$ cat coords-v3.cif   # mmCIF, C-alpha atoms
data_protein
#
loop_
_atom_site.group_PDB
_atom_site.id
_atom_site.type_symbol
_atom_site.label_atom_id
_atom_site.label_comp_id
_atom_site.auth_asym_id
_atom_site.auth_seq_id
_atom_site.Cartn_x
_atom_site.Cartn_y
_atom_site.Cartn_z
ATOM 1 C CA MET A 186 -8.876 8.133 -13.601
ATOM 2 C CA THR A 187 -7.760 6.430 -10.448
ATOM 3 C CA ASN A 188 -7.698 3.045 -12.146
ATOM 4 C CA ALA A 189 -5.626 4.421 -14.988
ATOM 5 C CA LEU A 190 -3.140 5.785 -12.446
ATOM 6 C CA MET A 191 -2.842 2.448 -10.679
ATOM 7 C CA GLU A 192 -2.494 0.654 -14.000
ATOM 8 C CA SER A 193 0.361 2.953 -15.013
ATOM 9 C CA LEU A 194 2.323 1.926 -11.917
ATOM 10 C CA LYS A 195 2.159 -1.764 -12.717
ATOM 11 C CA PRO A 196 5.625 -3.250 -12.924
ATOM 12 C CA GLU A 197 6.868 -4.056 -16.403
ATOM 13 C CA ALA A 198 6.708 -7.670 -17.380
ATOM 14 C CA ASN A 199 10.076 -9.363 -17.083
ATOM 15 C CA PRO A 200 11.287 -10.102 -20.630
ATOM 16 C CA ASN A 201 13.036 -13.219 -19.328
ATOM 17 C CA MET A 202 9.813 -14.564 -17.855
ATOM 18 C CA PRO A 203 8.304 -17.334 -19.987
ATOM 19 C CA GLU A 204 4.679 -18.391 -19.839
ATOM 20 C CA ILE A 205 4.456 -20.908 -16.994
ATOM 21 C CA ASP A 206 1.647 -23.187 -15.866
ATOM 22 C CA ALA A 207 0.998 -25.471 -12.949
ATOM 23 C CA GLY A 208 2.866 -28.735 -13.454
ATOM 24 C CA ASP A 209 5.820 -27.192 -15.306
ATOM 25 C CA THR A 210 9.282 -28.138 -14.139
ATOM 26 C CA VAL A 211 11.253 -24.901 -13.977
ATOM 27 C CA ARG A 212 14.697 -23.599 -13.051
ATOM 28 C CA VAL A 213 14.444 -20.190 -11.351
ATOM 29 C CA HIS A 214 17.663 -18.152 -11.426
ATOM 30 C CA GLN A 215 17.543 -15.600 -8.638
ATOM 31 C CA ARG A 216 20.059 -12.853 -8.045
ATOM 32 C CA ILE A 217 21.121 -12.732 -4.401
ATOM 33 C CA THR A 218 23.111 -9.855 -2.926
ATOM 34 C CA GLU A 219 25.114 -10.642 0.185
ATOM 35 C CA GLY A 220 26.864 -7.541 1.382
ATOM 36 C CA ARG A 221 28.863 -6.578 -1.697
ATOM 37 C CA ASN A 222 28.810 -9.973 -3.379
ATOM 38 C CA GLU A 223 26.232 -10.875 -5.944
ATOM 39 C CA ARG A 224 25.550 -14.400 -7.009
ATOM 40 C CA ILE A 225 22.891 -16.420 -8.778
ATOM 41 C CA GLN A 226 20.956 -19.032 -6.876
ATOM 42 C CA VAL A 227 19.102 -21.669 -8.844
ATOM 43 C CA PHE A 228 15.933 -23.301 -7.579
ATOM 44 C CA GLN A 229 14.564 -26.174 -9.623
ATOM 45 C CA GLY A 230 11.189 -27.740 -9.048
ATOM 46 C CA ILE A 231 7.587 -28.085 -10.123
ATOM 47 C CA VAL A 232 5.235 -25.088 -10.290
ATOM 48 C CA ILE A 233 2.390 -26.128 -8.009
ATOM 49 C CA ALA A 234 0.380 -22.914 -8.016
ATOM 50 C CA LYS A 235 0.062 -19.466 -9.508
ATOM 51 C CA HIS A 236 -1.570 -16.748 -7.473
ATOM 52 C CA GLY A 237 -2.870 -13.254 -8.207
ATOM 53 C CA GLY A 238 -3.424 -13.466 -11.954
ATOM 54 C CA SER A 239 -1.820 -10.435 -13.606
ATOM 55 C CA SER A 240 -1.933 -8.176 -10.554
ATOM 56 C CA PRO A 241 1.294 -6.476 -9.409
ATOM 57 C CA SER A 242 1.435 -8.833 -6.458
ATOM 58 C CA ALA A 243 1.068 -12.030 -8.484
ATOM 59 C CA THR A 244 3.238 -14.947 -7.399
ATOM 60 C CA TYR A 245 4.023 -18.537 -8.324
ATOM 61 C CA THR A 246 5.053 -21.368 -6.009
ATOM 62 C CA VAL A 247 7.770 -23.868 -6.914
ATOM 63 C CA ARG A 248 8.136 -27.143 -5.035
ATOM 64 C CA ARG A 249 11.106 -29.468 -5.025
ATOM 65 C CA THR A 250 12.019 -32.489 -2.981
ATOM 66 C CA GLY A 251 15.148 -31.802 -0.957
ATOM 67 C CA THR A 252 17.471 -34.163 0.874
ATOM 68 C CA HIS A 253 15.884 -36.999 2.872
ATOM 69 C CA GLY A 254 12.670 -36.483 0.937
ATOM 70 C CA VAL A 255 11.898 -33.185 2.634
ATOM 71 C CA GLY A 256 9.691 -31.014 0.480
ATOM 72 C CA VAL A 257 10.891 -27.437 -0.110
ATOM 73 C CA GLU A 258 8.577 -24.777 -1.495
ATOM 74 C CA ARG A 259 9.456 -21.255 -2.541
ATOM 75 C CA THR A 260 7.097 -18.540 -3.683
ATOM 76 C CA PHE A 261 8.454 -15.986 -6.142
ATOM 77 C CA PRO A 262 6.803 -12.675 -7.099
ATOM 78 C CA LEU A 263 5.941 -12.819 -10.785
ATOM 79 C CA TYR A 264 7.299 -9.325 -11.464
ATOM 80 C CA SER A 265 10.394 -9.521 -9.253
ATOM 81 C CA LYS A 266 13.501 -8.039 -10.808
ATOM 82 C CA ALA A 267 15.603 -10.301 -8.613
ATOM 83 C CA VAL A 268 14.649 -13.247 -10.780
ATOM 84 C CA GLU A 269 17.262 -13.273 -13.527
ATOM 85 C CA LYS A 270 15.535 -15.853 -15.703
ATOM 86 C CA VAL A 271 13.215 -18.819 -15.589
ATOM 87 C CA GLU A 272 13.774 -21.911 -17.740
ATOM 88 C CA VAL A 273 10.908 -24.261 -18.459
ATOM 89 C CA LEU A 274 12.384 -27.775 -18.590
ATOM 90 C CA ARG A 275 9.238 -29.828 -18.918
ATOM 91 C CA LYS A 276 5.506 -29.331 -19.193
ATOM 92 C CA ALA A 277 3.149 -31.829 -17.598
ATOM 93 C CA LYS A 278 -0.425 -32.857 -18.131
ATOM 94 C CA VAL A 279 -2.333 -31.773 -15.031
ATOM 95 C CA ARG A 280 -6.037 -31.603 -14.344
ATOM 96 C CA ARG A 281 -6.119 -28.805 -11.809
ATOM 97 C CA ALA A 282 -4.631 -25.333 -11.331
ATOM 98 C CA GLN A 283 -3.244 -25.936 -7.835
ATOM 99 C CA LEU A 284 -1.240 -29.104 -7.346
ATOM 100 C CA TYR A 285 -1.292 -29.045 -3.570
ATOM 101 C CA TYR A 286 -2.023 -32.786 -3.560
ATOM 102 C CA LEU A 287 1.647 -33.323 -4.446
ATOM 103 C CA ARG A 288 2.485 -32.372 -0.857
ATOM 104 C CA ASP A 289 0.952 -35.622 0.333
ATOM 105 C CA LEU A 290 2.676 -37.796 -2.259
ATOM 106 C CA GLN A 291 6.205 -39.121 -2.408
ATOM 107 C CA GLY A 292 8.480 -40.827 -4.912
ATOM 108 C CA LYS A 293 6.770 -42.583 -7.810
ATOM 109 C CA ALA A 294 3.338 -41.348 -6.802
ATOM 110 C CA ALA A 295 4.445 -37.739 -7.085
ATOM 111 C CA ARG A 296 5.317 -38.002 -10.767
ATOM 112 C CA LEU A 297 3.434 -36.053 -13.416
ATOM 113 C CA LYS A 298 2.750 -37.188 -16.959
ATOM 114 C CA GLU A 299 4.575 -35.156 -19.580
ATOM 115 C CA LYS A 300 2.534 -33.079 -21.970
ATOM 116 C CA ARG A 301 3.378 -34.039 -25.564
ATOM 117 C CA PHE A 302 2.785 -31.505 -28.282
ATOM 118 C CA ILE A 303 1.354 -32.800 -31.494
ATOM 119 C CA SER A 304 2.145 -30.640 -34.482
ATOM 120 C CA VAL A 305 -0.976 -29.988 -36.473
ATOM 121 C CA MET B 153 7.362 23.843 6.778
ATOM 122 C CA LYS B 154 6.347 22.602 3.370
ATOM 123 C CA GLY B 155 3.361 20.447 2.624
ATOM 124 C CA ILE B 156 0.969 19.251 -0.045
ATOM 125 C CA LEU B 157 -2.626 18.067 -0.247
ATOM 126 C CA GLY B 158 -3.576 14.971 -2.178
ATOM 127 C CA ARG B 159 -6.123 12.324 -2.846
ATOM 128 C CA LYS B 160 -5.577 8.690 -1.917
ATOM 129 C CA VAL B 161 -5.708 6.555 -5.051
ATOM 130 C CA GLY B 162 -5.098 3.107 -3.575
ATOM 131 C CA MET B 163 -2.461 0.630 -2.564
ATOM 132 C CA THR B 164 -0.209 -1.487 -4.731
ATOM 133 C CA GLN B 165 3.273 -2.916 -4.641
ATOM 134 C CA LEU B 166 6.487 -1.778 -6.290
ATOM 135 C CA PHE B 167 9.860 -3.474 -6.574
ATOM 136 C CA ASN B 168 13.054 -1.780 -5.412
ATOM 137 C CA GLU B 169 16.489 -2.196 -7.020
ATOM 138 C CA SER B 170 17.235 -5.337 -5.064
ATOM 139 C CA GLY B 171 13.987 -6.897 -6.250
ATOM 140 C CA GLU B 172 12.153 -6.687 -2.946
ATOM 141 C CA ALA B 173 8.440 -5.961 -3.035
ATOM 142 C CA VAL B 174 7.551 -2.672 -1.325
ATOM 143 C CA PRO B 175 3.918 -2.076 -0.273
ATOM 144 C CA VAL B 176 2.946 1.487 -1.196
ATOM 145 C CA THR B 177 -0.023 3.828 -1.044
ATOM 146 C CA VAL B 178 -0.420 5.857 -4.213
ATOM 147 C CA ILE B 179 -1.463 9.473 -3.697
ATOM 148 C CA GLU B 180 -2.455 11.943 -6.386
ATOM 149 C CA ALA B 181 -0.691 14.895 -4.763
ATOM 150 C CA GLY B 182 -1.367 18.383 -6.006
ATOM 151 C CA PRO B 183 -1.194 20.538 -7.941
ATOM 152 C CA CYS B 184 -1.891 22.819 -4.990
ATOM 153 C CA TYR B 185 -2.243 26.586 -5.222
ATOM 154 C CA VAL B 186 -1.122 29.156 -2.675
ATOM 155 C CA THR B 187 -4.405 30.887 -1.918
ATOM 156 C CA GLN B 188 -3.455 33.183 0.955
ATOM 157 C CA ILE B 189 -0.366 34.304 2.816
ATOM 158 C CA LYS B 190 -1.026 35.172 6.432
ATOM 159 C CA SER B 191 1.308 37.363 8.462
ATOM 160 C CA VAL B 192 1.754 38.301 12.115
ATOM 161 C CA ASP B 193 0.857 41.925 11.357
ATOM 162 C CA VAL B 194 -2.488 41.190 9.715
ATOM 163 C CA ASP B 195 -3.582 37.829 11.087
ATOM 164 C CA GLY B 196 -1.615 37.433 14.299
ATOM 165 C CA TYR B 197 0.410 34.499 13.023
ATOM 166 C CA ASP B 198 2.433 33.409 9.993
ATOM 167 C CA ALA B 199 0.976 30.795 7.679
ATOM 168 C CA ILE B 200 0.368 30.003 4.076
ATOM 169 C CA GLN B 201 -2.926 28.634 2.871
ATOM 170 C CA ILE B 202 -2.938 26.073 0.096
ATOM 171 C CA GLY B 203 -5.846 24.717 -1.917
ATOM 172 C CA PHE B 204 -6.396 21.501 -3.812
ATOM 173 C CA ASP B 205 -8.872 19.784 -6.149
ATOM 174 C CA GLU B 206 -10.370 21.837 -8.950
ATOM 175 C CA ILE B 207 -14.157 21.746 -9.119
ATOM 176 C CA ALA B 208 -16.857 23.496 -11.098
ATOM 177 C CA GLU B 209 -17.251 27.141 -10.217
ATOM 178 C CA ARG B 210 -20.984 26.751 -9.486
ATOM 179 C CA LYS B 211 -20.136 24.468 -6.559
ATOM 180 C CA LEU B 212 -18.505 27.323 -4.647
ATOM 181 C CA THR B 213 -20.187 30.261 -2.946
ATOM 182 C CA LYS B 214 -19.436 33.732 -4.183
ATOM 183 C CA GLY B 215 -17.503 34.389 -0.993
ATOM 184 C CA GLU B 216 -15.256 31.406 -1.585
ATOM 185 C CA MET B 217 -14.832 32.366 -5.239
ATOM 186 C CA GLY B 218 -13.826 35.916 -4.276
ATOM 187 C CA HIS B 219 -11.231 34.582 -1.867
ATOM 188 C CA LEU B 220 -9.683 32.404 -4.591
ATOM 189 C CA ARG B 221 -9.898 35.223 -7.178
ATOM 190 C CA LYS B 222 -7.551 37.305 -5.031
ATOM 191 C CA ALA B 223 -4.905 34.624 -5.493
ATOM 192 C CA ASP B 224 -5.796 34.133 -9.157
ATOM 193 C CA ALA B 225 -6.365 30.474 -8.329
ATOM 194 C CA PRO B 226 -8.910 28.130 -9.957
ATOM 195 C CA SER B 227 -12.022 27.054 -8.043
ATOM 196 C CA LEU B 228 -10.795 24.624 -5.388
ATOM 197 C CA ARG B 229 -12.604 22.212 -3.097
ATOM 198 C CA HIS B 230 -10.173 22.028 -0.158
ATOM 199 C CA LEU B 231 -8.131 24.673 1.682
ATOM 200 C CA ARG B 232 -5.581 23.985 4.414
ATOM 201 C CA GLU B 233 -3.031 26.088 6.277
ATOM 202 C CA LEU B 234 0.654 25.426 6.709
ATOM 203 C CA ARG B 235 1.935 26.909 9.950
ATOM 204 C CA GLY B 236 5.296 26.881 11.679
ATOM 205 C CA ALA B 237 8.686 28.476 11.497
ATOM 206 C CA ASP B 238 10.399 27.658 8.191
ATOM 207 C CA LEU B 239 7.610 28.448 5.740
ATOM 208 C CA PRO B 240 8.559 28.065 2.082
ATOM 209 C CA ASN B 241 9.189 31.263 0.181
ATOM 210 C CA VAL B 242 6.138 31.440 -2.041
ATOM 211 C CA ALA B 243 3.952 34.099 -3.615
ATOM 212 C CA LEU B 244 0.184 34.263 -3.889
ATOM 213 C CA GLY B 245 -1.046 32.006 -6.696
ATOM 214 C CA ASP B 246 2.076 29.834 -6.829
ATOM 215 C CA VAL B 247 1.618 26.195 -7.774
ATOM 216 C CA ILE B 248 2.959 23.489 -5.455
ATOM 217 C CA LYS B 249 3.735 20.204 -7.155
ATOM 218 C CA ALA B 250 4.618 16.741 -5.945
ATOM 219 C CA ASP B 251 8.344 17.352 -6.518
ATOM 220 C CA ILE B 252 8.630 19.396 -3.305
ATOM 221 C CA PHE B 253 9.240 15.963 -1.776
ATOM 222 C CA GLY B 254 12.058 13.660 -2.795
ATOM 223 C CA GLU B 255 12.296 9.911 -2.898
ATOM 224 C CA GLY B 256 13.507 8.507 0.404
ATOM 225 C CA GLU B 257 12.260 11.481 2.450
ATOM 226 C CA THR B 258 10.250 10.707 5.594
ATOM 227 C CA VAL B 259 6.845 12.335 5.948
ATOM 228 C CA ASP B 260 3.812 12.484 8.217
ATOM 229 C CA VAL B 261 0.481 11.837 6.523
ATOM 230 C CA THR B 262 -2.837 13.084 7.907
ATOM 231 C CA GLY B 263 -6.238 11.847 6.778
ATOM 232 C CA ILE B 264 -9.734 11.091 8.026
ATOM 233 C CA SER B 265 -9.896 7.417 9.014
ATOM 234 C CA LYS B 266 -12.625 5.115 7.736
ATOM 235 C CA GLY B 267 -15.701 5.165 9.973
ATOM 236 C CA LYS B 268 -16.335 1.879 11.761
ATOM 237 C CA GLY B 269 -19.731 2.824 13.227
ATOM 238 C CA PHE B 270 -20.672 1.802 16.767
ATOM 239 C CA ALA B 271 -17.860 -0.610 17.647
ATOM 240 C CA GLY B 272 -17.417 -2.865 20.660
ATOM 241 C CA ALA B 273 -14.652 -2.495 23.213
ATOM 242 C CA VAL B 274 -12.637 -5.395 21.755
ATOM 243 C CA LYS B 275 -12.337 -3.736 18.348
ATOM 244 C CA ARG B 276 -12.235 -0.141 19.607
ATOM 245 C CA HIS B 277 -9.817 -0.386 22.539
ATOM 246 C CA HIS B 278 -8.260 -3.841 22.076
ATOM 247 C CA PHE B 279 -9.982 -5.248 25.167
ATOM 248 C CA ALA B 280 -9.322 -8.952 25.602
ATOM 249 C CA GLY B 281 -12.975 -9.987 25.804
ATOM 250 C CA GLY B 282 -14.084 -12.937 27.881
ATOM 251 C CA PRO B 283 -12.960 -16.561 27.875
ATOM 252 C CA LYS B 284 -13.892 -18.558 24.775
ATOM 253 C CA THR B 285 -14.567 -21.782 26.660
ATOM 254 C CA HIS B 286 -15.382 -23.104 30.178
ATOM 255 C CA GLY B 287 -19.119 -22.670 29.922
ATOM 256 C CA GLN B 288 -19.192 -19.050 28.813
ATOM 257 C CA SER B 289 -22.381 -17.789 27.266
ATOM 258 C CA ASP B 290 -22.609 -14.399 25.551
ATOM 259 C CA ARG B 291 -19.414 -13.174 27.300
ATOM 260 C CA HIS B 292 -16.917 -13.675 24.468
ATOM 261 C CA ARG B 293 -16.552 -10.023 23.461
ATOM 262 C CA ALA B 294 -17.950 -8.375 26.591
ATOM 263 C CA PRO B 295 -16.087 -5.313 27.966
ATOM 264 C CA GLY B 296 -16.048 -6.639 31.568
ATOM 265 C CA SER B 297 -16.230 -4.448 34.647
ATOM 266 C CA ARG B 298 -16.733 -0.694 34.309
ATOM 267 C CA GLY B 299 -15.135 0.081 37.686
ATOM 268 C CA ALA B 300 -15.528 -0.281 41.457
ATOM 269 C CA GLY B 301 -18.855 -0.582 43.344
ATOM 270 C CA THR B 302 -20.444 1.577 46.004
ATOM 271 C CA THR B 303 -17.325 3.736 46.135
ATOM 272 C CA PRO B 304 -17.192 5.757 43.871
ATOM 273 C CA GLY B 305 -20.702 4.717 42.926
ATOM 274 C CA HIS B 306 -20.438 5.823 39.291
ATOM 275 C CA THR B 307 -18.426 5.147 36.164
ATOM 276 C CA TRP B 308 -15.368 7.362 35.857
ATOM 277 C CA PRO B 309 -15.628 9.892 33.044
ATOM 278 C CA GLY B 310 -13.483 8.869 30.098
ATOM 279 C CA ALA B 311 -13.708 5.156 30.848
ATOM 280 C CA LYS B 312 -13.042 3.093 27.729
ATOM 281 C CA GLY B 313 -16.039 1.307 26.317
ATOM 282 C CA PRO B 314 -18.038 0.667 23.140
ATOM 283 C CA GLY B 315 -18.934 3.619 20.932
ATOM 284 C CA ARG B 316 -18.355 5.395 17.649
ATOM 285 C CA MET B 317 -15.026 4.457 16.085
ATOM 286 C CA GLY B 318 -13.117 5.889 13.147
ATOM 287 C CA ASN B 319 -14.100 8.860 10.960
ATOM 288 C CA GLU B 320 -11.633 11.030 12.875
ATOM 289 C CA GLN B 321 -8.413 12.772 11.980
ATOM 290 C CA VAL B 322 -5.456 10.408 12.136
ATOM 291 C CA THR B 323 -1.783 11.156 11.455
ATOM 292 C CA VAL B 324 0.691 8.422 10.618
ATOM 293 C CA GLN B 325 4.257 9.505 11.291
ATOM 294 C CA ASN B 326 7.573 8.681 9.674
ATOM 295 C CA LEU B 327 6.480 7.121 6.406
ATOM 296 C CA LYS B 328 9.080 6.854 3.642
ATOM 297 C CA ILE B 329 8.444 8.174 0.165
ATOM 298 C CA ALA B 330 9.049 5.405 -2.362
ATOM 299 C CA LEU B 331 8.361 7.267 -5.584
ATOM 300 C CA VAL B 332 7.702 10.815 -6.810
ATOM 301 C CA ASP B 333 6.399 11.649 -10.270
ATOM 302 C CA ALA B 334 5.776 15.405 -10.572
ATOM 303 C CA GLU B 335 4.576 15.121 -14.154
ATOM 304 C CA ARG B 336 1.666 12.903 -13.190
ATOM 305 C CA ASN B 337 1.358 14.483 -9.687
ATOM 306 C CA LEU B 338 2.031 11.147 -8.040
ATOM 307 C CA ILE B 339 3.572 10.288 -4.712
ATOM 308 C CA ALA B 340 3.904 6.673 -3.566
ATOM 309 C CA ILE B 341 4.401 6.271 0.172
ATOM 310 C CA ARG B 342 5.633 3.103 1.784
ATOM 311 C CA GLY B 343 2.961 1.614 4.027
ATOM 312 C CA ALA B 344 -0.652 2.453 4.722
ATOM 313 C CA VAL B 345 -2.263 5.878 4.989
ATOM 314 C CA PRO B 346 -5.477 6.754 6.899
ATOM 315 C CA GLY B 347 -8.760 7.032 5.051
ATOM 316 C CA PRO B 348 -10.647 5.489 2.164
ATOM 317 C CA ARG B 349 -9.639 5.632 -1.482
ATOM 318 C CA THR B 350 -10.371 9.144 -2.846
ATOM 319 C CA GLY B 351 -9.975 10.512 0.704
ATOM 320 C CA LEU B 352 -8.152 13.804 1.252
ATOM 321 C CA VAL B 353 -4.651 13.434 2.705
ATOM 322 C CA PHE B 354 -2.174 16.048 3.891
ATOM 323 C CA ILE B 355 1.534 15.286 3.497
ATOM 324 C CA ARG B 356 4.164 17.136 5.550
ATOM 325 C CA PRO B 357 7.823 16.509 6.395
ATOM 326 C CA ALA B 358 8.206 14.151 9.357
ATOM 327 C CA LYS B 359 8.034 15.941 12.682
ATOM 328 C CA LYS B 360 10.230 13.403 14.434
ATOM 329 C CA ALA B 361 12.544 12.517 11.567
#
$ encode --input "coords-v3.cif" --output "structure tokens"
Amino acid sequence: MTNALMESLKPEANPNMPEIDAGDTVRVHQRITEGRNERIQVFQGIVIAKHGGSSPSATYTVRRTGTHGVGVERTFPLYSKAVEKVEVLRKAKVRRAQLYYLRDLQGKAARLKEKRFISV
Amino acid sequence: MKGILGRKVGMTQLFNESGEAVPVTVIEAGPCYVTQIKSVDVDGYDAIQIGFDEIAERKLTKGEMGHLRKADAPSLRHLRELRGADLPNVALGDVIKADIFGEGETVDVTGISKGKGFAGAVKRHHFAGGPKTHGQSDRHRAPGSRGAGTTPGHTWPGAKGPGRMGNEQVTVQNLKIALVDAERNLIAIRGAVPGPRTGLVFIRPAKKA
């Protein structure tokens, strides 16, 4: 009974949310309200971790390299309505679920191999 | 004063219109039944008594059953009184549902806190404990001095120290209601609420709103 109640309060899945995995290069379009103005901010980077599975508090972390090689990471709630849409630009072949090792790598070393899909 | 009894279901998070995550406690609130109306003439004070949580009839004594029969109410586990000036205009046997509260309203929530057992002074009264380094042995979480020496020659009554913690009535004031669903008897309150899951909670309008 209690579990059913909690389940019923789970936020609806965002229809604009594609299936994402660690290693994907994504563009996250986030709606930002400043006073009365509303605008879309885009954050592009590599998904380095997903957290929380399918729970209401699930998140994913996107990392990009900013100016002067400074790493910038942002964590978005998976079910946030503020995220307008997420585009998957590239999928990469990775061998672990959390790519935290990318934090210690720069430039060429921080590249990921693209995942090629072979049609069967 | 209005009020409702409920059962804590658990905590989760909801998103508001601007997409921010709001931490909420979900409470299965009501339906409550008005089981008695007390008056100055008969009882010496004005109050209404409400009951919550239907249980099997065999779990109640015949005295309790007779009391509920007078209000034509089902067999209920918990009874509480609402006292104070502006009592809602209700009749015996009326049903109180979650929609007596609105979204955005501030409320006080009372529950029985989780028992922590015999707790030390650091956990129970936020004592600082002893130094962690500089040759300390077994003094890290010690309560320190209990008072002066020969004068007064004893520990003052009421001095803070280790002892039983929790399992007492706690009220958290000024919590905002994030969501009300009368159909499913649900109230979601922003923030934490005392007690374990399935614990009884009492929701009233905020005293210091």
$ closest_residue --input "coords-v3.cif" --among "B:Gly313, B:Gly287, B:Pro304, B:Gly182" --to "B:Ala271" --atoms "all atoms listed in the file"
B:Gly313
$ closest_atom_pairs --input "coords-v3.cif" --of "chain B" --to "chain A" --cutoff "12 Å" --atoms "all atoms listed in the file" --output "CSV"
residue,atom,partner,partner_atom,distance
B:Arg159,CA,A:Thr187,CA,9.8
B:Lys160,CA,A:Thr187,CA,9.1
B:Val161,CA,A:Thr187,CA,5.8
B:Gly162,CA,A:Met191,CA,7.5
B:Met163,CA,A:Met191,CA,8.3
B:Thr164,CA,A:Pro241,CA,7.0
B:Gln165,CA,A:Pro241,CA,6.3
B:Leu166,CA,A:Pro196,CA,6.8
B:Phe167,CA,A:Ser265,CA,6.6
B:Asn168,CA,A:Lys266,CA,8.3
B:Glu169,CA,A:Lys266,CA,7.6
B:Ser170,CA,A:Ala267,CA,6.3
B:Gly171,CA,A:Ala267,CA,4.4
B:Glu172,CA,A:Ser265,CA,7.1
B:Ala173,CA,A:Ser265,CA,7.4
B:Val174,CA,A:Ser242,CA,10.1
B:Pro175,CA,A:Ser242,CA,9.5
B:Val176,CA,A:Leu194,CA,10.7
B:Thr177,CA,A:Met191,CA,10.1
B:Val178,CA,A:Met191,CA,7.7
B:Ile179,CA,A:Leu190,CA,9.6
B:Glu180,CA,A:Thr187,CA,8.7
B:Leu331,CA,A:Leu194,CA,10.3
B:Val332,CA,A:Leu194,CA,11.6
B:Asp333,CA,A:Leu194,CA,10.7
B:Arg336,CA,A:Leu190,CA,8.6
B:Asn337,CA,A:Leu190,CA,10.2
B:Leu338,CA,A:Leu190,CA,8.7
B:Ile339,CA,A:Leu194,CA,11.1
B:Ala340,CA,A:Leu194,CA,9.7
B:Arg349,CA,A:Thr187,CA,9.2
B:Thr350,CA,A:Thr187,CA,8.5
$ resolve_selection --input "coords-v3.cif" --expression "the PyMOL selection byres ((chain A and resi 271) around 12)" --output "count of residues only"
35
$ atom_distance --input "coords-v3.cif" --atom1 "atom CA of B:Glu255" --atom2 "atom CA of B:Ala361"
14.7 Å
$ residues_around --input "coords-v3.cif" --residues "B:Pro314" --least-positions-apart "6" --cutoff "9 Å" --atoms "all atoms listed in the file" --output "number ranges by chain"
B: 270-277, 295
$ resolve_selection --input "coords-v3.cif" --expression "the PyMOL selection byres ((chain B and resi 207-223) around 7)" --output "ChimeraX atom specification"
/B:187-188,205-206,224-229,244-245
